Amino acid sequence: MFKSLLHAISLTLGLIFSSPGQTPKTSAAFGNVAQQAFNYFARMDKQPDEFLRNIRLQKVTLELKLKALNLIPPESLVEPSAKGQAKLRALSPILKYHERDSFIELKIIRVPVATASFLAGAAILITEPALELLTTEELQAVVAHELSHEYYWNEFELARRSQQYHVIKELELRCDGIAVITLKQLGLNPDRLISATTKFQQYNERQGFPPSENYVSLAERLRFIQAMTNMIQVRNHAAHTPTRK
């Protein structure tokens, strides 16, 4: 069932986006994939909020949203506990920041893996173990990552079809990058993305699920998140520092 849900996420919606480009800066020692992802953000010629507004996509149509939601087997849906509902309510600022608070739905599904998935512009699917395992702040970080998939939906689809796995890995890191921007701009701690990512991998390995091949190594992913945090912090500081005459 889990594989069928993930297959639903690959529904093509014809989303279009554009992004600015300039000469990239360099980062700390990364592998090629992480360096490419870091360079993508280093080329930003606007402040983070404006950058995201410029590449933000149109919402999918209501028809496509309903079609995607209908792909979720009803028997897999779970009603969260009161504690779980409180965590879900805390996701409102994340959804609002990406202008999806009145559109994208949050669904809890009965799957043994600790993970969350973006469902084709319609919903964020959060598994029972993920909802139980993560703190509220960690869940906010994970959902910030999942919402970022919409920005690169076409690129993900093209990479999957052509089996360009290095591109998929870069796009996943870009989603980490947007998650860092989201958390920093909302005054939340991007380190929660690091702790959530670590918890997911450790939990899933204990359950016998190997790491996803869609990501660089955990160590490199965590280095990338920290480098992005530093970059956004420097940019925000520079933006609020008066220029001396």
# chains A, B, ... in the order shown; residues from 1 in each chain; ligands from 1
>>> residues_around(residues="stretch 97-99 of chain A", least_positions_apart="5", cutoff="8 Å", atoms="only C-alpha atoms", output="list in words")
Arg56, Leu147 and Thr182 of chain A
>>> write_last_selection(atoms="C-alpha atoms", output="short mmCIF file (atom, residue, chain, number, x, y, z; two decimals), in the first residue's frame")
data_model
loop_
_atom_site.label_atom_id
_atom_site.label_comp_id
_atom_site.auth_asym_id
_atom_site.auth_seq_id
_atom_site.Cartn_x
_atom_site.Cartn_y
_atom_site.Cartn_z
CA ARG A 56 5.92 29.95 -6.46
CA LEU A 147 5.63 21.79 0.49
CA THR A 182 10.76 28.91 5.49
#
>>> residues_around(residues="A:Cys175", least_positions_apart="6", cutoff="9 Å", atoms="only C-alpha atoms", output="short mmCIF file (atom, residue, chain, number, x, y, z; two decimals) with C-alpha atoms, in the first residue's frame")
data_model
loop_
_atom_site.label_atom_id
_atom_site.label_comp_id
_atom_site.auth_asym_id
_atom_site.auth_seq_id
_atom_site.Cartn_x
_atom_site.Cartn_y
_atom_site.Cartn_z
CA ALA A 144 8.19 22.84 5.04
CA HIS A 145 10.36 20.41 3.05
CA GLU A 146 7.37 18.58 1.58
CA LEU A 147 5.63 21.79 0.49
CA SER A 148 8.81 22.69 -1.35
CA HIS A 149 8.29 19.79 -3.75
CA TYR A 151 8.18 24.39 -6.61
CA TYR A 152 10.05 21.75 -8.62
#
>>> select_by_dssp(residues="stretch 69-202 of chain A", states="strand (DSSP E or B)", output="JSON, numbers by chain")
{"A": [77, 105, 106, 107, 108, 109, 116, 117, 118, 119, 123, 124, 125, 126, 127]}
>>> residues_around(residues="A:Pro93", least_positions_apart="4", cutoff="12 Å", atoms="only C-alpha atoms", output="ChimeraX atom specification")
/A:87-89,97-102,137,140-141,143-144,182-183,185-188
>>> residues_around(residues="A:Lys169", least_positions_apart="2", cutoff="12 Å", atoms="only C-alpha atoms", output="ChimeraX atom specification")
/A:31-37,155-156,159-160,163-167,171-176,212-218,220-221
>>> write_last_selection(atoms="N, CA and C atoms", output="compact mmCIF listing (two decimals), in the first residue's frame")
# COMPACT_ATOMS: atom_id res chain seq x y z
N GLY A 31 29.94 17.26 -2.04
CA GLY A 31 29.97 16.49 -3.26
C GLY A 31 29.32 17.30 -4.37
N ASN A 32 29.39 16.80 -5.59
CA ASN A 32 28.90 17.57 -6.74
C ASN A 32 27.42 17.90 -6.64
N VAL A 33 26.61 16.92 -6.23
CA VAL A 33 25.16 17.15 -6.15
C VAL A 33 24.83 18.24 -5.14
N ALA A 34 25.40 18.14 -3.95
CA ALA A 34 25.13 19.14 -2.92
C ALA A 34 25.66 20.51 -3.33
N GLN A 35 26.80 20.54 -4.01
CA GLN A 35 27.35 21.81 -4.46
C GLN A 35 26.43 22.49 -5.47
N GLN A 36 25.86 21.68 -6.38
CA GLN A 36 24.93 22.22 -7.37
C GLN A 36 23.71 22.82 -6.68
N ALA A 37 23.19 22.11 -5.69
CA ALA A 37 22.03 22.61 -4.96
C ALA A 37 22.36 23.88 -4.19
N GLU A 155 10.30 19.34 -12.70
CA GLU A 155 11.67 18.82 -12.74
C GLU A 155 11.76 17.43 -12.10
N PHE A 156 11.04 17.24 -11.01
CA PHE A 156 11.01 15.91 -10.40
C PHE A 156 10.46 14.88 -11.38
N ALA A 159 12.92 14.10 -14.18
CA ALA A 159 14.05 13.33 -13.68
C ALA A 159 13.65 11.88 -13.43
N ARG A 160 12.46 11.66 -12.90
CA ARG A 160 12.00 10.29 -12.66
C ARG A 160 11.85 9.53 -13.97
N GLN A 163 15.12 8.72 -15.40
CA GLN A 163 15.97 8.02 -14.43
C GLN A 163 17.26 8.78 -14.14
N GLN A 164 17.14 10.09 -14.01
CA GLN A 164 18.28 10.93 -13.65
C GLN A 164 18.30 11.09 -12.12
N TYR A 165 18.85 10.09 -11.48
CA TYR A 165 18.77 10.03 -10.02
C TYR A 165 19.60 11.13 -9.36
N HIS A 166 20.67 11.57 -10.02
CA HIS A 166 21.46 12.65 -9.44
C HIS A 166 20.65 13.95 -9.43
N VAL A 167 19.77 14.13 -10.42
CA VAL A 167 18.91 15.31 -10.45
C VAL A 167 17.89 15.25 -9.32
N LEU A 171 17.31 17.97 -6.39
CA LEU A 171 16.02 18.60 -6.13
C LEU A 171 15.58 18.39 -4.68
N GLU A 172 15.87 17.21 -4.13
CA GLU A 172 15.53 16.98 -2.73
C GLU A 172 16.31 17.94 -1.82
N LEU A 173 17.56 18.21 -2.17
CA LEU A 173 18.34 19.17 -1.39
C LEU A 173 17.79 20.59 -1.56
N ARG A 174 17.32 20.92 -2.77
CA ARG A 174 16.68 22.23 -2.95
C ARG A 174 15.47 22.35 -2.02
N CYS A 175 14.73 21.25 -1.87
CA CYS A 175 13.57 21.28 -0.97
C CYS A 175 14.03 21.51 0.47
N ASP A 176 15.16 20.91 0.84
CA ASP A 176 15.74 21.21 2.15
C ASP A 176 16.07 22.70 2.25
N SER A 212 16.26 5.98 1.68
CA SER A 212 15.80 6.23 0.31
C SER A 212 16.98 6.56 -0.60
N GLU A 213 16.92 6.06 -1.82
CA GLU A 213 17.96 6.35 -2.80
C GLU A 213 17.79 7.74 -3.42
N ASN A 214 16.76 8.46 -3.01
CA ASN A 214 16.51 9.80 -3.56
C ASN A 214 17.34 10.88 -2.89
N TYR A 215 18.11 10.50 -1.85
CA TYR A 215 18.87 11.49 -1.10
C TYR A 215 20.37 11.20 -1.15
N VAL A 216 21.15 12.25 -0.96
CA VAL A 216 22.57 12.07 -0.69
C VAL A 216 22.69 11.44 0.69
N SER A 217 23.89 11.12 1.12
CA SER A 217 24.06 10.52 2.44
C SER A 217 23.52 11.45 3.53
N LEU A 218 23.14 10.85 4.65
CA LEU A 218 22.62 11.65 5.75
C LEU A 218 23.62 12.70 6.19
N GLU A 220 25.95 14.23 4.46
CA GLU A 220 26.04 15.34 3.51
C GLU A 220 24.77 16.18 3.54
N ARG A 221 23.64 15.52 3.69
CA ARG A 221 22.38 16.26 3.77
C ARG A 221 22.39 17.20 4.97
>>> atom_distance(atom1="atom CA of A:Thr115", atom2="atom CA of A:Met228")
22.3 Å
>>> residues_around(residues="stretch 68-78 of chain A", least_positions_apart="2", cutoff="6 Å", atoms="only C-alpha atoms", output="PDB file with N, CA and C atoms, in the first residue's frame")
ATOM      1  N   LYS A  65      -7.002  18.479  -7.835  1.00  0.00           N
ATOM      2  CA  LYS A  65      -6.859  18.224  -6.403  1.00  0.00           C
ATOM      3  C   LYS A  65      -7.732  17.046  -5.980  1.00  0.00           C
ATOM      4  N   LEU A  66      -8.989  17.057  -6.386  1.00  0.00           N
ATOM      5  CA  LEU A  66      -9.900  15.980  -6.011  1.00  0.00           C
ATOM      6  C   LEU A  66      -9.456  14.652  -6.613  1.00  0.00           C
ATOM      7  N   ILE A 108      -3.329  11.963   7.629  1.00  0.00           N
ATOM      8  CA  ILE A 108      -2.544  10.987   8.374  1.00  0.00           C
ATOM      9  C   ILE A 108      -2.880   9.609   7.813  1.00  0.00           C
ATOM     10  N   ILE A 109      -1.839   8.850   7.468  1.00  0.00           N
ATOM     11  CA  ILE A 109      -2.062   7.545   6.850  1.00  0.00           C
ATOM     12  C   ILE A 109      -1.398   6.437   7.667  1.00  0.00           C
ATOM     13  N   ARG A 110      -2.011   5.263   7.592  1.00  0.00           N
ATOM     14  CA  ARG A 110      -1.535   4.097   8.336  1.00  0.00           C
ATOM     15  C   ARG A 110      -0.491   3.358   7.500  1.00  0.00           C
TER      16      ARG A 110
END
>>> atom_distance(atom1="atom CA of A:Ser92", atom2="atom CA of A:Thr135")
15.3 Å
>>> atom_distance(atom1="atom CA of A:Val234", atom2="atom CA of A:Ala29")
18.7 Å
>>> closest_residue(among="A:Arg161, A:Lys83, A:Lys96, A:Lys184", to="A:Gln233", atoms="only C-alpha atoms")
A:Lys184
>>> select_by_dssp(residues="stretch 18-93 of chain A", states="helix (DSSP H, G or I)", output="PDB file with C-alpha atoms, in the first residue's frame")
ATOM      1  CA  ASN A  32      28.903  17.567  -6.736  1.00  0.00           C
ATOM      2  CA  VAL A  33      25.163  17.147  -6.155  1.00  0.00           C
ATOM      3  CA  ALA A  34      25.129  19.142  -2.919  1.00  0.00           C
ATOM      4  CA  GLN A  35      27.349  21.812  -4.457  1.00  0.00           C
ATOM      5  CA  GLN A  36      24.928  22.225  -7.365  1.00  0.00           C
ATOM      6  CA  ALA A  37      22.025  22.607  -4.958  1.00  0.00           C
ATOM      7  CA  PHE A  38      23.941  25.108  -2.829  1.00  0.00           C
ATOM      8  CA  ASN A  39      24.913  27.117  -5.905  1.00  0.00           C
ATOM      9  CA  TYR A  40      21.260  27.328  -6.896  1.00  0.00           C
ATOM     10  CA  PHE A  41      20.509  29.303  -3.739  1.00  0.00           C
ATOM     11  CA  ALA A  42      23.795  31.207  -3.754  1.00  0.00           C
ATOM     12  CA  PRO A  48      14.500  34.930   0.343  1.00  0.00           C
ATOM     13  CA  ASP A  49      10.820  35.922   0.626  1.00  0.00           C
ATOM     14  CA  GLU A  50      10.824  37.604  -2.770  1.00  0.00           C
ATOM     15  CA  PHE A  51      12.799  34.749  -4.301  1.00  0.00           C
ATOM     16  CA  LEU A  52      10.154  32.247  -3.247  1.00  0.00           C
ATOM     17  CA  ARG A  53       7.302  34.461  -4.377  1.00  0.00           C
ATOM     18  CA  ASN A  54       8.882  34.638  -7.827  1.00  0.00           C
ATOM     19  CA  ILE A  55       9.164  30.869  -8.237  1.00  0.00           C
ATOM     20  CA  LEU A  62      -9.856  21.849  -7.850  1.00  0.00           C
ATOM     21  CA  GLU A  63     -10.520  19.045 -10.323  1.00  0.00           C
ATOM     22  CA  LEU A  64      -6.913  17.861 -10.175  1.00  0.00           C
ATOM     23  CA  LYS A  65      -6.859  18.224  -6.403  1.00  0.00           C
ATOM     24  CA  LEU A  66      -9.900  15.980  -6.011  1.00  0.00           C
ATOM     25  CA  LYS A  67      -8.453  13.475  -8.471  1.00  0.00           C
ATOM     26  CA  ALA A  68      -5.264  13.269  -6.397  1.00  0.00           C
ATOM     27  CA  LEU A  69      -7.146  12.950  -3.088  1.00  0.00           C
ATOM     28  CA  PRO A  74      -9.953   5.393   2.418  1.00  0.00           C
ATOM     29  CA  GLU A  75      -8.947   2.491   4.670  1.00  0.00           C
ATOM     30  CA  SER A  76      -5.443   3.940   5.015  1.00  0.00           C
ATOM     31  CA  ALA A  82      -5.848  15.112  20.354  1.00  0.00           C
ATOM     32  CA  LYS A  83      -2.067  15.416  20.662  1.00  0.00           C
ATOM     33  CA  GLY A  84      -1.676  14.750  16.949  1.00  0.00           C
ATOM     34  CA  GLN A  85      -4.336  17.314  16.089  1.00  0.00           C
ATOM     35  CA  ALA A  86      -2.455  19.927  18.112  1.00  0.00           C
ATOM     36  CA  LYS A  87       0.684  19.206  16.084  1.00  0.00           C
ATOM     37  CA  LEU A  88      -1.279  19.549  12.845  1.00  0.00           C
ATOM     38  CA  ARG A  89      -2.735  22.893  13.918  1.00  0.00           C
ATOM     39  CA  SER A  92      -0.791  26.491   9.789  1.00  0.00           C
ATOM     40  CA  PRO A  93       2.026  29.113   9.639  1.00  0.00           C
TER      41      PRO A  93
END
>>> closest_residue(among="A:Ala239, A:Ile181, A:Ile168, A:Leu131", to="A:Ala196", atoms="only C-alpha atoms")
A:Leu131
>>> closest_residue(among="A:Gln58, A:Gln226, A:Thr136, A:Gln47", to="A:Pro190", atoms="only C-alpha atoms")
A:Gln226
>>> residues_around(residues="A:Gly121", least_positions_apart="2", cutoff="8 Å", atoms="only C-alpha atoms", output="PDB file with N, CA and C atoms, in the first residue's frame")
ATOM      1  N   LYS A  59      -1.708  27.340  -7.865  1.00  0.00           N
ATOM      2  CA  LYS A  59      -2.320  26.147  -7.287  1.00  0.00           C
ATOM      3  C   LYS A  59      -2.870  25.262  -8.406  1.00  0.00           C
ATOM      4  N   VAL A  60      -2.907  23.976  -8.163  1.00  0.00           N
ATOM      5  CA  VAL A  60      -3.552  23.081  -9.117  1.00  0.00           C
ATOM      6  C   VAL A  60      -5.048  23.370  -9.108  1.00  0.00           C
ATOM      7  N   LYS A  65      -7.002  18.479  -7.835  1.00  0.00           N
ATOM      8  CA  LYS A  65      -6.859  18.224  -6.403  1.00  0.00           C
ATOM      9  C   LYS A  65      -7.732  17.046  -5.980  1.00  0.00           C
ATOM     10  N   ILE A 104      -4.098  23.118   0.482  1.00  0.00           N
ATOM     11  CA  ILE A 104      -3.479  21.807   0.692  1.00  0.00           C
ATOM     12  C   ILE A 104      -3.965  21.198   2.013  1.00  0.00           C
ATOM     13  N   PHE A 118       4.515  14.626  -0.340  1.00  0.00           N
ATOM     14  CA  PHE A 118       3.718  15.656  -1.012  1.00  0.00           C
ATOM     15  C   PHE A 118       2.855  14.973  -2.062  1.00  0.00           C
ATOM     16  N   LEU A 119       1.547  15.154  -1.972  1.00  0.00           N
ATOM     17  CA  LEU A 119       0.619  14.518  -2.897  1.00  0.00           C
ATOM     18  C   LEU A 119       0.125  15.506  -3.942  1.00  0.00           C
ATOM     19  N   ALA A 123      -2.247  17.547  -1.092  1.00  0.00           N
ATOM     20  CA  ALA A 123      -2.170  17.201   0.326  1.00  0.00           C
ATOM     21  C   ALA A 123      -0.739  16.880   0.732  1.00  0.00           C
ATOM     22  N   GLU A 150       6.468  21.199  -4.492  1.00  0.00           N
ATOM     23  CA  GLU A 150       5.614  21.806  -5.514  1.00  0.00           C
ATOM     24  C   GLU A 150       6.390  22.777  -6.398  1.00  0.00           C
TER      25      GLU A 150
END
